[in-house]
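Here's protein.txt, which has compact mmCIF, C-alpha atoms and all ligand atoms:
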# COMPACT_ATOMS: atom_id res chain seq x y z
CA MET A 1 173.94 225.96 372.73
CA ASN A 2 171.36 228.43 371.41
CA ILE A 3 167.96 226.73 371.14
CA ALA A 4 164.74 228.15 369.66
CA ILE A 5 161.51 226.68 371.01
CA ILE A 6 158.43 227.00 368.82
CA GLY A 7 155.37 225.68 370.61
CA THR A 8 155.90 226.61 374.24
CA GLY A 9 153.14 224.45 375.75
CA ASN A 10 153.55 221.22 377.74
CA ILE A 11 156.52 219.86 375.79
CA GLY A 12 158.18 223.20 374.98
CA THR A 13 158.01 224.24 378.63
CA ALA A 14 159.32 220.94 380.02
CA LEU A 15 162.29 220.91 377.65
CA GLY A 16 162.89 224.67 377.78
CA LYS A 17 163.18 224.60 381.57
CA ALA A 18 165.47 221.55 381.53
CA TRP A 19 167.79 222.96 378.87
CA ALA A 20 167.96 226.37 380.54
CA LYS A 21 168.91 224.61 383.79
CA ALA A 22 171.62 222.68 381.89
CA GLY A 23 173.14 226.00 380.77
CA HIS A 24 171.69 226.39 377.26
CA THR A 25 170.34 229.71 376.01
CA ILE A 26 166.66 229.50 375.13
CA PHE A 27 164.86 231.73 372.61
CA LEU A 28 161.10 231.20 372.75
CA GLY A 29 159.59 231.79 369.30
CA VAL A 30 155.95 232.81 369.64
CA ARG A 31 153.11 234.35 367.63
CA ASP A 32 152.02 236.85 370.29
CA LEU A 33 154.83 238.22 372.49
CA GLU A 34 152.38 239.21 375.24
CA ASN A 35 150.19 236.16 375.38
CA PHE A 36 151.57 232.66 374.97
CA LYS A 37 151.64 229.33 376.80
CA GLY A 38 154.73 228.80 378.96
CA LYS A 39 155.17 232.51 379.74
CA GLU A 40 156.45 231.56 383.22
CA MET A 41 159.72 230.48 381.56
CA LEU A 42 160.59 234.19 381.25
CA GLY A 43 161.41 234.10 384.97
CA ILE A 44 164.49 231.99 384.15
CA ALA A 45 167.74 233.93 383.52
CA ASN A 46 168.75 232.51 380.11
CA VAL A 47 165.25 232.47 378.56
CA THR A 48 163.92 235.29 376.34
CA VAL A 49 160.92 235.68 374.03
CA HIS A 50 160.99 236.70 370.34
CA SER A 51 159.09 236.44 367.11
CA ILE A 52 159.50 233.00 365.54
CA GLY A 53 161.82 234.33 362.82
CA GLU A 54 164.06 236.16 365.32
CA ALA A 55 164.30 233.14 367.67
CA VAL A 56 165.32 230.95 364.74
CA LYS A 57 167.89 233.47 363.50
CA LEU A 58 169.57 233.42 366.94
CA SER A 59 169.67 229.60 367.27
CA GLU A 60 171.50 226.55 365.96
CA VAL A 61 168.80 224.12 367.10
CA ILE A 62 165.03 224.57 366.72
CA LEU A 63 162.56 222.51 368.74
CA ILE A 64 159.09 222.43 367.17
CA ALA A 65 156.43 221.35 369.66
CA ALA A 66 153.31 222.95 368.19
CA ILE A 67 150.31 221.33 366.50
CA PRO A 68 150.63 219.42 363.17
CA PRO A 69 148.29 221.68 361.11
CA ALA A 70 150.53 224.67 362.00
CA THR A 71 153.63 223.14 360.37
CA ALA A 72 153.54 225.05 357.06
CA GLU A 73 152.76 228.34 358.82
CA ILE A 74 155.69 227.77 361.20
CA VAL A 75 158.07 226.97 358.33
CA ASN A 76 157.09 230.28 356.70
CA ALA A 77 157.57 232.18 359.94
CA MET A 78 160.98 230.59 360.61
CA GLY A 79 162.61 232.00 357.47
CA ASN A 80 166.07 230.71 356.57
CA VAL A 81 166.87 227.43 358.37
CA ASN A 82 169.78 226.39 356.20
CA GLY A 83 172.30 224.35 358.23
CA LYS A 84 170.14 224.35 361.36
CA ILE A 85 168.87 221.31 363.25
CA ILE A 86 165.10 220.99 363.65
CA ILE A 87 163.78 218.64 366.33
CA ASP A 88 160.24 217.50 365.54
CA THR A 89 158.25 216.39 368.61
CA MET A 90 154.83 216.37 366.95
CA ASN A 91 152.63 213.29 366.60
CA SER A 92 149.90 213.34 363.97
CA VAL A 93 147.45 211.60 366.28
CA ARG A 94 144.43 213.90 366.08
CA SER A 95 145.44 216.04 363.09
CA LYS A 96 147.94 216.10 360.24
CA PRO A 97 149.71 218.86 358.32
CA GLU A 98 147.75 219.64 355.17
CA GLY A 99 149.00 217.59 352.23
CA TYR A 100 151.29 215.34 354.29
CA ASN A 101 150.97 212.16 356.36
CA ASN A 102 152.91 213.58 359.29
CA THR A 103 154.95 216.58 360.43
CA PHE A 104 158.35 214.98 359.75
CA GLU A 105 157.38 214.45 356.11
CA ALA A 106 156.21 218.08 355.90
CA LEU A 107 159.31 219.49 357.60
CA THR A 108 161.81 217.53 355.48
CA ASP A 109 159.98 218.75 352.39
CA LEU A 110 159.32 222.38 353.36
CA ALA A 111 162.19 223.44 355.67
CA LYS A 112 164.87 223.52 352.98
CA GLY A 113 168.48 223.04 354.09
CA ALA A 114 167.65 222.00 357.66
CA GLU A 115 168.52 218.65 359.23
CA VAL A 116 165.37 217.23 360.81
CA VAL A 117 165.44 214.77 363.72
CA LYS A 118 162.36 213.16 365.26
CA CYS A 119 162.77 213.10 369.04
CA PHE A 120 160.96 213.91 372.30
CA ASN A 121 157.71 212.56 370.78
CA SER A 122 157.54 209.07 372.28
CA THR A 123 156.60 209.73 375.90
CA GLY A 124 154.48 212.13 377.92
CA PHE A 125 155.63 215.64 378.81
CA GLU A 126 155.72 214.68 382.50
CA ASN A 127 158.55 212.26 381.68
CA MET A 128 160.43 215.07 379.93
CA ALA A 129 159.91 217.41 382.88
CA ASN A 130 161.27 214.67 385.15
CA PRO A 131 162.87 211.61 383.51
CA ILE A 132 164.07 210.18 386.82
CA TYR A 133 162.08 207.36 388.43
CA PRO A 134 162.49 205.79 391.88
CA ASN A 135 165.87 204.20 392.70
CA ASP A 136 167.55 206.81 390.47
CA VAL A 137 166.43 205.07 387.26
CA HIS A 138 166.88 207.51 384.36
CA LEU A 139 164.49 206.92 381.46
CA ASP A 140 165.62 206.48 377.85
CA MET A 141 164.71 208.69 374.92
CA PHE A 142 164.47 207.67 371.25
CA MET A 143 165.13 209.45 367.95
CA ALA A 144 165.26 208.94 364.19
CA GLY A 145 166.45 210.83 361.13
CA ASP A 146 169.00 210.69 358.30
CA SER A 147 171.59 213.10 359.70
CA LYS A 148 174.11 211.36 361.98
CA THR A 149 175.72 214.64 363.06
CA ALA A 150 172.35 216.18 363.97
CA LYS A 151 171.47 213.05 365.96
CA GLU A 152 174.73 213.37 367.96
CA THR A 153 173.64 216.87 369.00
CA VAL A 154 170.10 215.72 369.83
CA LYS A 155 171.40 212.75 371.85
CA GLN A 156 173.43 215.16 373.99
CA LEU A 157 170.38 217.41 374.42
CA ALA A 158 168.38 214.38 375.63
CA LYS A 159 171.10 213.59 378.15
CA ASP A 160 171.09 217.24 379.25
CA VAL A 161 167.39 216.81 380.11
CA GLY A 162 168.31 213.83 382.31
CA PHE A 163 167.60 210.88 380.02
CA ALA A 164 170.08 208.01 380.44
CA ASP A 165 170.53 207.60 376.69
CA CYS A 166 168.84 208.46 373.41
CA TYR A 167 168.50 205.36 371.26
CA ASP A 168 168.74 205.77 367.50
CA PHE A 169 165.82 204.10 365.68
CA GLY A 170 167.54 204.73 362.33
CA GLY A 171 167.02 207.05 359.36
CA ASN A 172 164.04 208.98 358.02
CA ASP A 173 162.37 205.69 357.06
CA LYS A 174 162.12 204.78 360.78
CA VAL A 175 160.33 207.98 361.84
CA ILE A 176 156.94 206.36 361.30
CA LEU A 177 157.99 203.59 363.71
CA LEU A 178 158.86 206.22 366.31
CA GLU A 179 155.45 207.84 365.84
CA GLN A 180 153.79 204.43 366.31
CA PHE A 181 155.96 203.95 369.40
CA ALA A 182 154.36 207.14 370.75
CA LEU A 183 150.94 205.66 370.02
CA ALA A 184 151.97 202.55 371.96
CA TRP A 185 152.78 204.77 374.98
CA ILE A 186 149.47 206.66 374.57
CA ASN A 187 147.59 203.35 374.35
CA LEU A 188 149.14 201.97 377.54
CA ALA A 189 148.88 205.26 379.45
CA MET A 190 145.37 206.32 378.40
CA MET A 191 143.36 203.51 376.79
CA GLN A 192 144.71 200.68 378.98
CA GLY A 193 144.59 202.83 382.10
CA HIS A 194 148.20 202.72 383.33
CA GLY A 195 148.33 206.51 383.64
CA ARG A 196 150.89 209.00 382.35
CA ASN A 197 153.65 208.13 384.80
CA ILE A 198 154.89 205.15 382.80
CA ALA A 199 157.81 204.94 380.38
CA PHE A 200 159.89 202.64 378.21
CA LYS A 201 163.40 201.68 379.26
CA ILE A 202 165.89 199.57 377.31
CA ILE A 203 167.55 196.86 379.36
CA LYS A 204 170.43 194.72 378.09
CA ARG A 205 172.31 191.58 379.02
N1 LIG A 301 151.72 216.52 375.60
C1 LIG A 301 152.50 215.43 375.53
O1 LIG A 301 152.68 214.69 376.52
C2 LIG A 301 153.19 215.10 374.23
C3 LIG A 301 154.07 214.01 374.20
C4 LIG A 301 154.76 213.72 373.02
C5 LIG A 301 154.57 214.52 371.89
N2 LIG A 301 153.68 215.57 371.95
C6 LIG A 301 153.50 216.38 370.74
O2 LIG A 301 154.10 217.65 370.97
C7 LIG A 301 153.31 218.70 370.40
C8 LIG A 301 153.00 219.73 371.47
O3 LIG A 301 152.23 219.14 372.49
P1 LIG A 301 151.88 219.97 373.80
O4 LIG A 301 151.12 219.07 374.68
O5 LIG A 301 153.11 220.64 374.31
O6 LIG A 301 150.89 221.08 373.18
P2 LIG A 301 150.26 222.37 373.87
O7 LIG A 301 150.57 222.40 375.33
O8 LIG A 301 148.83 222.42 373.44
O9 LIG A 301 151.06 223.57 373.17
C9 LIG A 301 150.95 223.81 371.81
C10 LIG A 301 151.81 224.98 371.46
O10 LIG A 301 151.75 225.16 370.04
C11 LIG A 301 151.69 226.52 369.76
N3 LIG A 301 151.09 226.77 368.45
C12 LIG A 301 149.87 226.37 368.01
N4 LIG A 301 149.69 226.81 366.74
C13 LIG A 301 150.81 227.51 366.40
C14 LIG A 301 151.22 228.23 365.24
N5 LIG A 301 150.42 228.33 364.16
N6 LIG A 301 152.44 228.82 365.24
C15 LIG A 301 153.24 228.73 366.33
N7 LIG A 301 152.91 228.08 367.46
C16 LIG A 301 151.70 227.47 367.49
C17 LIG A 301 150.84 227.09 370.88
O11 LIG A 301 151.09 228.46 370.93
P3 LIG A 301 150.26 229.53 371.85
O12 LIG A 301 150.94 229.52 373.17
O13 LIG A 301 150.42 230.79 371.09
O14 LIG A 301 148.85 229.00 371.89
C18 LIG A 301 151.37 226.31 372.09
O15 LIG A 301 152.51 226.95 372.63
C19 LIG A 301 152.05 218.03 369.82
O16 LIG A 301 152.17 217.97 368.43
C20 LIG A 301 152.04 216.62 370.41
O17 LIG A 301 151.61 215.67 369.48
C21 LIG A 301 153.01 215.88 373.09
Would you mind giving the structure from this file in structure tokens?
Amino acid sequence: MNIAIIGTGNIGTALGKAWAKAGHTIFLGVRDLENFKGKEMLGIANVTVHSIGEAVKLSEVILIAAIPPATAEIVNAMGNVNGKIIIDTMNSVRSKPEGYNNTFEALTDLAKGAEVVKCFNSTGFENMANPIYPNDVHLDMFMAGDSKTAKETVKQLAKDVGFADCYDFGGNDKVILLEQFALAWINLAMMQGHGRNIAFKIIKR
């Protein structure tokens, strides 16, 4: 699958490396082709760097892992996203997109014709770089959004990273719950002192 990554920092790099390893073709979409976070990914065979518009044009799936206030600027730079899947990883913890409560709300409003899925927001980037814990326990990922077909694609992409499963929280109305779920992880990891190497796992009986 052709995947554009906009926001090539901690999250973009962890997922870009994992997807490239799984055989996907990665188009990094950056503002400055010479100077950007995650430049070391260019050492991987199926990773190339482009303007944001060009990376989007070449891809079926777009991962946005930038900062919330940049959302409108990124939508402008992406150009036509009709029929494409956008994966929104951004949590409006410290900042929000201007005029919106969160990035998902902004993306569903501004990125016309795209199918937006919230995913890869609910745990730390270290868990995305390596979702396998001792005794070969593979972590779970979580997602939400209205498009069932887009969520099927995103679920597979989560499995390609190494997650055991990607649980569906529900439609667009459940995105806020997923963002609060991220805050629950941040609270346990940072405020309650458990550190960043913790994660949620669904168990059943
Ligand atoms: N870090 C985590 O563990 C974690 C976990 C879950 C969710 N998240 C969410 O994921 C997002 C990314 O987090 P991160 O830790 O990966 O951030 P980061 O390492 O600080 O990287 C941010 C990236 O955003 C890019 N960017 C900033 N403004 C931009 C703009 N106007 N247009 C295009 N790109 C722009 C930066 O580009 P340059 O390289 O050009 O500076 C950089 O590549 C955040 O919204 C965060 O809430 C993070």
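With all atoms listed in the file as the atoms that count, the minimum distance from Asn127 of chain A to the choices A:Trp185, A:Tyr167, A:Phe27, A:Tyr100 is reached by A:Trp185.
For the residues A:Lys204, A:His50, A:His138, A:Lys96, ranking by smallest atom-to-atom distance to Phe36 of chain A using all atoms listed in the file places A:His50 first.
Coordinates place atom CA of Thr149 of chain A at a distance of 9.6 Å from atom CA of Ile85 of chain A.
For the choices A:Ser147, A:Thr71, A:Asn82, A:Asn2, the atom-to-atom distance to ligand LIG 301 (chain A) is smallest for A:Thr71 when using only C-alpha atoms and all ligand atoms.
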Which protein, DNA or RNA residues have an atom within 6 Å of ligand LIG 301 (chain A), counting all atoms listed in the file, as a ChimeraX atom specification?
/A:6-12,30-31,36-37,65-68,70,73-74,89-91,121-125
Do a neighbour search on Thr153 of chain A at 10 Å with all atoms listed in the file, toss out local chain neighbours closer than 4 positions, and write the hits as an mmCIF file with C-alpha atoms, keeping the file's coordinate frame.
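Output saved as around_3.cif:
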data_model
loop_
_atom_site.group_PDB
_atom_site.id
_atom_site.type_symbol
_atom_site.label_atom_id
_atom_site.label_comp_id
_atom_site.auth_asym_id
_atom_site.auth_seq_id
_atom_site.Cartn_x
_atom_site.Cartn_y
_atom_site.Cartn_z
ATOM 1 C CA MET A 1 173.940 225.960 372.730
ATOM 2 C CA VAL A 61 168.800 224.120 367.100
ATOM 3 C CA ILE A 85 168.870 221.310 363.250
ATOM 4 C CA VAL A 117 165.440 214.770 363.720
ATOM 5 C CA LYS A 148 174.110 211.360 361.980
ATOM 6 C CA THR A 149 175.720 214.640 363.060
ATOM 7 C CA LEU A 157 170.380 217.410 374.420
ATOM 8 C CA ALA A 158 168.380 214.380 375.630
#
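Polymer residues near (167.1, 232.3, 358.7): counting all atoms listed in the file with a cut-off of 9 Å, they are Gly53, Glu54, Val56, Lys57, Leu58, Met78, Gly79, Asn80, Val81, Asn82 and Lys84 of chain A.
Atom CA of Val49 of chain A is positioned 8.5 Å from atom CA of Ile26 of chain A.
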Pairwise distance for atom CA of Phe200 of chain A and atom CA of Ala14 of chain A, rounded to one decimal in Å:
18.4 Å
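Proximity to Leu63 of chain A was assessed for A:Ala4, A:Ala184, A:Val116, A:Met41 counting only C-alpha atoms; the smallest distance is recorded for A:Ala4.
With distances restricted to all atoms listed in the file, A:Glu60 is the closest residue to Ile86 of chain A from A:Asp173, A:Glu60, A:Asp146, A:Glu40.
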Using only C-alpha atoms, which residue out of A:Leu139, A:Ile5, A:Ala129, A:Ile44 lies closest to Ser59 of chain A?
A:Ile5
Show which residues sit within 10 Å of Glu98 of chain A, as a short mmCIF file (atom, residue, chain, number, x, y, z; two decimals) with C-alpha atoms, in the frame of the given file. Count only C-alpha atoms, and ignore same-chain residues fewer than 3 positions away.
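Saved file out_18.cif follows:
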data_model
loop_
_atom_site.label_atom_id
_atom_site.label_comp_id
_atom_site.auth_asym_id
_atom_site.auth_seq_id
_atom_site.Cartn_x
_atom_site.Cartn_y
_atom_site.Cartn_z
CA PRO A 68 150.63 219.42 363.17
CA PRO A 69 148.29 221.68 361.11
CA ALA A 70 150.53 224.67 362.00
CA THR A 71 153.63 223.14 360.37
CA ALA A 72 153.54 225.05 357.06
CA SER A 95 145.44 216.04 363.09
CA ASN A 101 150.97 212.16 356.36
CA ASN A 102 152.91 213.58 359.29
CA THR A 103 154.95 216.58 360.43
CA ALA A 106 156.21 218.08 355.90
#
Would you kindly identify which residues have an atom no farther than 12 Å from (171.0, 222.7, 384.9), using only C-alpha atoms and the file's own coordinates, and write them out as a PDB file with C-alpha atoms, keeping the file's coordinate frame?
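After the write, out_39.pdb holds the following:
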ATOM      1  CA  LEU A  15     162.290 220.910 377.650  1.00  0.00           C
ATOM      2  CA  GLY A  16     162.890 224.670 377.780  1.00  0.00           C
ATOM      3  CA  LYS A  17     163.180 224.600 381.570  1.00  0.00           C
ATOM      4  CA  ALA A  18     165.470 221.550 381.530  1.00  0.00           C
ATOM      5  CA  TRP A  19     167.790 222.960 378.870  1.00  0.00           C
ATOM      6  CA  ALA A  20     167.960 226.370 380.540  1.00  0.00           C
ATOM      7  CA  LYS A  21     168.910 224.610 383.790  1.00  0.00           C
ATOM      8  CA  ALA A  22     171.620 222.680 381.890  1.00  0.00           C
ATOM      9  CA  GLY A  23     173.140 226.000 380.770  1.00  0.00           C
ATOM     10  CA  HIS A  24     171.690 226.390 377.260  1.00  0.00           C
ATOM     11  CA  THR A  25     170.340 229.710 376.010  1.00  0.00           C
ATOM     12  CA  ILE A  44     164.490 231.990 384.150  1.00  0.00           C
ATOM     13  CA  ALA A  45     167.740 233.930 383.520  1.00  0.00           C
ATOM     14  CA  ASN A  46     168.750 232.510 380.110  1.00  0.00           C
ATOM     15  CA  LEU A 157     170.380 217.410 374.420  1.00  0.00           C
ATOM     16  CA  LYS A 159     171.100 213.590 378.150  1.00  0.00           C
ATOM     17  CA  ASP A 160     171.090 217.240 379.250  1.00  0.00           C
ATOM     18  CA  VAL A 161     167.390 216.810 380.110  1.00  0.00           C
ATOM     19  CA  GLY A 162     168.310 213.830 382.310  1.00  0.00           C
TER      20      GLY A 162
END
